[in-house]
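Chemist: What follows is the file entry.cif, containing mmCIF, C-alpha atoms:
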```
data_model
loop_
_atom_site.group_PDB
_atom_site.id
_atom_site.type_symbol
_atom_site.label_atom_id
_atom_site.label_comp_id
_atom_site.auth_asym_id
_atom_site.auth_seq_id
_atom_site.Cartn_x
_atom_site.Cartn_y
_atom_site.Cartn_z
ATOM 1 C CA MET A 103 -4.610 7.735 7.511
ATOM 2 C CA THR A 104 -1.434 9.706 8.050
ATOM 3 C CA GLN A 105 1.551 10.305 5.839
ATOM 4 C CA ASN A 106 4.196 10.147 8.552
ATOM 5 C CA PHE A 107 4.697 9.419 12.240
ATOM 6 C CA LYS A 108 4.732 13.119 13.116
ATOM 7 C CA GLU A 109 1.025 13.346 12.228
ATOM 8 C CA TYR A 110 0.136 9.995 13.810
ATOM 9 C CA LEU A 111 -1.443 10.444 17.218
ATOM 10 C CA ILE A 112 -0.756 7.523 19.508
ATOM 11 C CA PRO A 113 -3.832 6.582 21.571
ATOM 12 C CA THR A 114 -3.535 7.192 25.287
ATOM 13 C CA ALA A 115 -5.398 5.687 28.247
ATOM 14 C CA VAL A 116 -7.996 8.457 27.898
ATOM 15 C CA ASP A 117 -8.772 7.352 24.314
ATOM 16 C CA VAL A 118 -9.352 3.678 25.163
ATOM 17 C CA PRO A 119 -13.018 2.858 25.774
ATOM 18 C CA HIS A 120 -14.075 1.247 29.057
ATOM 19 C CA PHE A 121 -14.356 -2.515 28.870
ATOM 20 C CA THR A 122 -15.117 -5.371 31.227
ATOM 21 C CA LEU A 123 -12.762 -8.323 31.198
ATOM 22 C CA GLY A 124 -14.278 -11.763 31.536
ATOM 23 C CA HIS A 125 -12.717 -15.206 31.778
ATOM 24 C CA MET A 126 -14.029 -18.402 30.260
ATOM 25 C CA VAL A 127 -12.360 -21.592 31.426
ATOM 26 C CA THR A 128 -12.601 -24.479 28.983
ATOM 27 C CA PRO A 129 -9.945 -27.145 29.697
ATOM 28 C CA ALA A 130 -8.587 -29.044 26.704
ATOM 29 C CA PRO A 131 -9.822 -32.645 26.807
ATOM 30 C CA PHE A 132 -6.717 -33.981 25.019
ATOM 31 C CA SER A 133 -3.969 -33.004 27.471
ATOM 32 C CA PRO A 134 -3.409 -34.449 30.973
ATOM 33 C CA GLY A 135 -3.647 -31.074 32.725
ATOM 34 C CA GLY A 136 -6.282 -29.593 30.441
ATOM 35 C CA PHE A 137 -3.677 -27.150 29.161
ATOM 36 C CA LYS A 138 -3.895 -25.485 25.781
ATOM 37 C CA GLY A 139 -1.117 -23.359 24.323
ATOM 38 C CA ALA A 140 1.385 -21.406 26.356
ATOM 39 C CA GLY A 141 2.032 -18.602 23.885
ATOM 40 C CA GLU A 142 3.970 -20.574 21.295
ATOM 41 C CA THR A 143 2.257 -18.800 18.420
ATOM 42 C CA GLY A 144 4.068 -15.558 19.152
ATOM 43 C CA THR A 145 7.439 -17.290 18.959
ATOM 44 C CA VAL A 146 6.760 -19.639 16.048
ATOM 45 C CA THR A 147 5.554 -17.081 13.502
ATOM 46 C CA THR A 148 8.192 -14.372 13.949
ATOM 47 C CA PRO A 149 11.258 -16.034 12.314
ATOM 48 C CA PRO A 150 9.451 -16.887 9.034
ATOM 49 C CA CYS A 151 8.049 -13.350 8.874
ATOM 50 C CA LEU A 152 11.532 -11.894 9.293
ATOM 51 C CA ALA A 153 12.933 -14.276 6.673
ATOM 52 C CA ASN A 154 10.217 -13.179 4.234
ATOM 53 C CA THR A 155 11.049 -9.546 4.972
ATOM 54 C CA VAL A 156 14.744 -10.077 4.225
ATOM 55 C CA GLU A 157 13.911 -12.011 1.053
ATOM 56 C CA ASP A 158 11.573 -9.239 -0.066
ATOM 57 C CA ALA A 159 14.262 -6.621 0.582
ATOM 58 C CA LEU A 160 16.766 -8.658 -1.442
ATOM 59 C CA SER A 161 14.317 -9.562 -4.220
ATOM 60 C CA PRO A 162 15.948 -7.154 -6.712
ATOM 61 C CA LEU A 163 19.059 -9.334 -6.372
ATOM 62 C CA GLY A 164 17.106 -12.552 -6.806
ATOM 63 C CA ALA A 165 18.141 -13.804 -3.356
ATOM 64 C CA GLN A 166 16.085 -16.513 -1.669
ATOM 65 C CA VAL A 167 16.105 -16.971 2.102
ATOM 66 C CA ARG A 168 15.662 -20.650 2.963
ATOM 67 C CA THR A 169 17.537 -20.975 6.260
ATOM 68 C CA LEU A 170 17.808 -19.245 9.594
ATOM 69 C CA PRO A 171 19.291 -17.463 11.559
ATOM 70 C CA LEU A 172 19.493 -14.172 9.697
ATOM 71 C CA LYS A 173 22.866 -13.044 10.983
ATOM 72 C CA PRO A 174 24.631 -10.181 9.201
ATOM 73 C CA ASP A 175 27.251 -12.445 7.624
ATOM 74 C CA PHE A 176 24.510 -14.736 6.298
ATOM 75 C CA ARG A 177 22.717 -11.777 4.688
ATOM 76 C CA TRP A 178 26.009 -10.569 3.221
ATOM 77 C CA ARG A 179 26.669 -14.005 1.684
ATOM 78 C CA LEU A 180 23.136 -13.997 0.230
ATOM 79 C CA MET A 181 23.794 -10.682 -1.470
ATOM 80 C CA ARG A 182 27.187 -11.769 -2.775
ATOM 81 C CA ALA A 183 25.846 -15.103 -4.085
ATOM 82 C CA ALA A 184 22.804 -13.537 -5.742
ATOM 83 C CA LYS A 185 24.796 -11.175 -7.942
ATOM 84 C CA PRO A 186 28.582 -11.546 -7.965
ATOM 85 C CA SER A 187 28.895 -7.929 -9.131
ATOM 86 C CA PHE A 188 26.948 -6.593 -6.124
ATOM 87 C CA ASN A 189 28.734 -3.590 -4.623
ATOM 88 C CA PRO A 190 27.157 -2.042 -1.498
ATOM 89 C CA ILE A 191 28.984 1.231 -2.189
ATOM 90 C CA GLN A 192 26.959 1.705 -5.379
ATOM 91 C CA CYS A 193 23.595 1.064 -3.698
#
```
Go through the file and emit its structure as C-alpha cells.
Modeler:
Amino acid sequence: MTQNFKEYLIPTAVDVPHFTLGHMVTPAPFSPGGFKGAGETGTVTTPPCLANTVEDALSPLGAQVRTLPLKPDFRWRLMRAAKPSFNPIQC
C-alpha cells in the first residue's frame, strides 16, 4: 500500500518466483478445428470500460455515454448537451 508512484517499487525479474509452465490441450468439441477463443476478450471488454470511465468523469454534469467511439468532439458535445452553461475555463 503506497501513497504515490514514487514509493511504489515495480517488481523485477529477481522478485518473480520460479515457476514451471505446463500446457493442457483440450480441443473444443463444438468447432471444426477444435479452436476456442483467439483473444477476443481483451478487445471486447475495453471499449465499454472506457465508456464507463468517461461517463463517471462526466457524472457531475449528468452526461450519459451510450455510443462509441469516444472521440474528443463527441466528449465535448456530451459536456455541452449535459449542461448548456458548462464552461471549461471555469473548471
Chemist: In Å, with one decimal, what is the gap from atom CA of A:Ala184 to atom CA of A:Leu152?
Modeler: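 About the pair atom CA of A:Ala184 and atom CA of A:Leu152: they are 18.9 Å apart.
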Chemist: Just how far from atom CA of A:Val146 is atom CA of A:Leu163, in Å to one decimal?
Modeler: 27.6 Å
Chemist: In Å, how far is it from atom CA of A:Arg179 to atom CA of A:Asn154?
Modeler: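 Answer for the atom CA of A:Arg179 to atom CA of A:Asn154 separation: 16.7 Å.
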Chemist: Do a neighbour search on stretch 113-128 of chain A at 10 Å with all atoms listed in the file, toss out local chain neighbours closer than 5 positions, and write the hits as a PyMOL selection string.
Modeler: chain A and resi 136-138
Chemist: Would you mind telling me which residue in A:Pro134, A:Asp175, A:Met181, A:Thr147 lies nearest to A:Pro162 when using only C-alpha atoms?
Modeler: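 Among A:Pro134, A:Asp175, A:Met181, A:Thr147, it is A:Met181 that comes nearest to A:Pro162.
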Chemist: Check what the PyMOL selection byres ((chain A and resi 153) around 9) selects in the file above and give those residues as number ranges by chain.
Modeler: A: 148-152, 154-158, 167-172
